[in-house]
Amino acid sequence: MKITFYGHASLGIEVGGKHIIVDPYISANPNAAHIDIDTLKADYILLTHAHGDHILDVEAIAKRTNAVIVSNAEIAGYYGAKGFQSHPMNHGGSWNFDFGKLKYVNAIHSSSFPDGSYGGNPGGFVIEGEHKNIYIAGDTALTMDMKLIPMRTKLDLAILPIGDNFTMDVEDAIIASDFLDCDKILGYHYDTFGYIEIDHEESIRKFFNKGKDLMLLEIGSSIEL
Ligand code: NI
Ligand code: MN
C-alpha cells in the first residue's frame with residue numbers, strides 16, 4: 001500500500017492495483033501548487049464529509065477519470081444526482097471493494113456543502129487491503145468511538161488531523177493513537193490556513209516522547225506500508 005500526501009487532508013492511496021483519492025482539495029491550496037490534479041489517477045474518490053476544503057476538486061477529477069465517489073449516503077446522493085458514479089455508505093457499514101475492505105466510521109464534526117446542501121454526518125474510513133490496515137480519521141474531535149476500531153482491525157497506520165481549531169490538536173491526537181492502539185501516525189489537516197498552523201518539530205517530539213512516530217510528509221511525497 002502506497003500513500004501520497006497531496007496537502008491539507010488530501011491523499012492518494014494505491015492498493016490492490018487501484019488508485020484512490022481522498023478528500024481532494026488541491027487546486028486552491030497554494031502549498032500544493034506543484035500538484036496537477038489533471039495527472040492524478042483515480043478509480044475511487046473517498047470523501048469524509050462535504051466541507052469545501054475536502055471536496056473542491058472532486059468533480060474535476062471524477063469527470064476526467066469516471067471514478068466512483070464513495071461517501072455517506074447524502075454526499076453520494078448529491079454527486080449521483082449530478083451524474084457521477086457513486087457508492088453510498090453509512091456509519092458502521094463495510095463493503096468489499098476490488099481494492100480491499102472499506103468501513104465508514106464515526107467522526108465528531110459537521111458536514112454541509114459549500115452551497116448549503118445537507119452533507120449528512122461526517123465520518124472517517126478504515127481500509128483493509130494488501131494485509132495492511134489504515135484508518136483515515138477525517139476532520140474529527142477526539143472521540144471514545146475510536147476505541148471501537150482496534151476491536152475489529154489491527155491498524156498499521158492512523159492518519160489523524162493535528163491542526164487544532166477545527167479538529168484535534170497534537171495532544172488529543174496522541175490520546176487518539178492510544179485509543180486506536182497504533183503508534184505510527186501520519187499527521188494531516190495542518191498549516192493550510194492560519195487557524196491550523198503547527199510547529200512541526202515540537203509536534204513530532206511530543207509523539208516521540210510517548211514512544212510514537214508522527215510522520216509529516218512533504219506535499220507530493222509518499223510512504224509505503
Ligand atoms: Ni471539515
Ligand atoms: Mn477540514
# chains A, B, ... in the order shown; residues from 1 in each chain; ligands from 1
>>> residues_near_ligand(ligand="ligand 1", cutoff="12 Å", atoms="only C-alpha atoms and all ligand atoms", output="ChimeraX atom specification")
/A:8-9,23,25,47-55,107-114,119,121-124,137-141,161,163-168,189
>>> residues_around(residues="Ala158 in chain A", least_positions_apart="2", cutoff="9 Å", atoms="only C-alpha atoms", output="list in words")
Asn133, Ile134, Tyr135, Ile136, Ala137, Leu155, Asp156, Leu160, Ser177, Leu180, Cys182, Asp183, Lys184, Ile185, Leu186 and Gly187 of chain A
>>> residues_around(residues="Tyr6 in chain A", least_positions_apart="5", cutoff="7 Å", atoms="only C-alpha atoms", output="list in words")
Leu11, Ile26, Ala32, Ile219 and Gly220 of chain A
>>> closest_residue(among="A:Asp191, A:Asp172, A:Glu224, A:Asp181", to="ligand 2", atoms="only C-alpha atoms and all ligand atoms")
A:Asp191
>>> residues_around(residues="Asn96 in chain A", least_positions_apart="6", cutoff="10 Å", atoms="only C-alpha atoms", output="PyMOL selection string")
chain A and resi 102-103+127-129
>>> write_last_selection(atoms="N, CA, C and O atoms", output="tab-separated table (two decimals), in the first residue's frame")
chain	number	residue	atom	x	y	z
A	102	LEU	N	-13.59	-1.68	2.97
A	102	LEU	CA	-13.69	-0.29	3.41
A	102	LEU	C	-14.82	-0.15	4.42
A	102	LEU	O	-15.93	-0.64	4.18
A	103	LYS	N	-14.54	0.50	5.55
A	103	LYS	CA	-15.58	0.74	6.56
A	103	LYS	C	-15.71	2.23	6.79
A	103	LYS	O	-14.70	2.95	6.85
A	127	ILE	N	-9.48	1.21	5.99
A	127	ILE	CA	-9.20	0.42	4.78
A	127	ILE	C	-8.38	-0.79	5.18
A	127	ILE	O	-7.33	-0.66	5.82
A	128	GLU	N	-8.86	-1.97	4.82
A	128	GLU	CA	-8.10	-3.21	4.99
A	128	GLU	C	-7.75	-3.71	3.61
A	128	GLU	O	-8.64	-4.07	2.83
A	129	GLY	N	-6.43	-3.67	3.28
A	129	GLY	CA	-6.04	-4.10	1.94
A	129	GLY	C	-4.58	-4.51	1.91
A	129	GLY	O	-3.75	-3.94	2.61
>>> atom_distance(atom1="CA of Ala173 in chain A", atom2="CA of Val105 in chain A")
16.8 Å
>>> closest_residue(among="A:Phe125, A:Tyr78, A:Phe193, A:Phe208", to="ligand 2", atoms="only C-alpha atoms and all ligand atoms")
A:Phe193
>>> atom_distance(atom1="CA of Ile198 in chain A", atom2="CA of Ile174 in chain A")
14.8 Å
>>> select_by_dssp(residues="range 6-205 of chain A", states="alpha helix (DSSP H)", output="ChimeraX atom specification")
/A:52-55,58-65,73-81,149-152,170-180,200-205
>>> atom_distance(atom1="CA of Gly211 in chain A", atom2="CA of Val22 in chain A")
28.3 Å
>>> closest_residue(among="A:Val170, A:Ile3, A:Val70, A:Ile196", to="ligand 2", atoms="only C-alpha atoms and all ligand atoms")
A:Ile196
>>> select_by_dssp(residues="range 1-221 of chain A", states="strand (DSSP E)", output="PyMOL selection string")
chain A and resi 2-5+11-15+18-22+44-46+68-72+86-89+94-97+100-106+123-129+132-136+157-161+184-188+213-215
>>> residues_around(residues="range 60-68 of chain A", least_positions_apart="2", cutoff="8 Å", atoms="only C-alpha atoms", output="JSON, numbers by chain")
{"A": [37, 38, 40, 41, 42, 43, 44, 45, 57, 58, 70, 84, 85, 86, 87]}
>>> residues_around(residues="Val15 in chain A", least_positions_apart="5", cutoff="8 Å", atoms="only C-alpha atoms", output="NGL selection string")
:A and (1-2 or 20 or 99-100 or 129-130)
>>> write_last_selection(atoms="N, CA, C and O atoms", output="compact mmCIF listing (two decimals), in the first residue's frame")
# COMPACT_ATOMS: atom_id res chain seq x y z
N MET A 1 0.85 -1.20 0.00
CA MET A 1 0.00 0.00 0.00
C MET A 1 0.88 1.25 0.00
O MET A 1 1.82 1.34 0.78
N LYS A 2 0.60 2.16 -0.94
CA LYS A 2 1.38 3.39 -1.04
C LYS A 2 0.45 4.58 -0.77
O LYS A 2 -0.64 4.66 -1.34
N ILE A 20 -6.84 5.42 -5.34
CA ILE A 20 -7.88 6.08 -4.55
C ILE A 20 -7.41 7.50 -4.24
O ILE A 20 -6.26 7.71 -3.88
N PHE A 99 -10.40 -3.17 -4.24
CA PHE A 99 -9.08 -2.83 -3.67
C PHE A 99 -8.91 -3.34 -2.25
O PHE A 99 -7.80 -3.32 -1.70
N GLY A 100 -10.01 -3.73 -1.61
CA GLY A 100 -9.97 -4.16 -0.22
C GLY A 100 -11.28 -3.83 0.47
O GLY A 100 -12.25 -3.40 -0.17
N GLY A 129 -6.43 -3.67 3.28
CA GLY A 129 -6.04 -4.10 1.94
C GLY A 129 -4.58 -4.51 1.91
O GLY A 129 -3.75 -3.94 2.61
N GLU A 130 -4.25 -5.50 1.11
CA GLU A 130 -2.87 -5.97 0.96
C GLU A 130 -2.24 -6.30 2.30
O GLU A 130 -1.06 -6.01 2.53
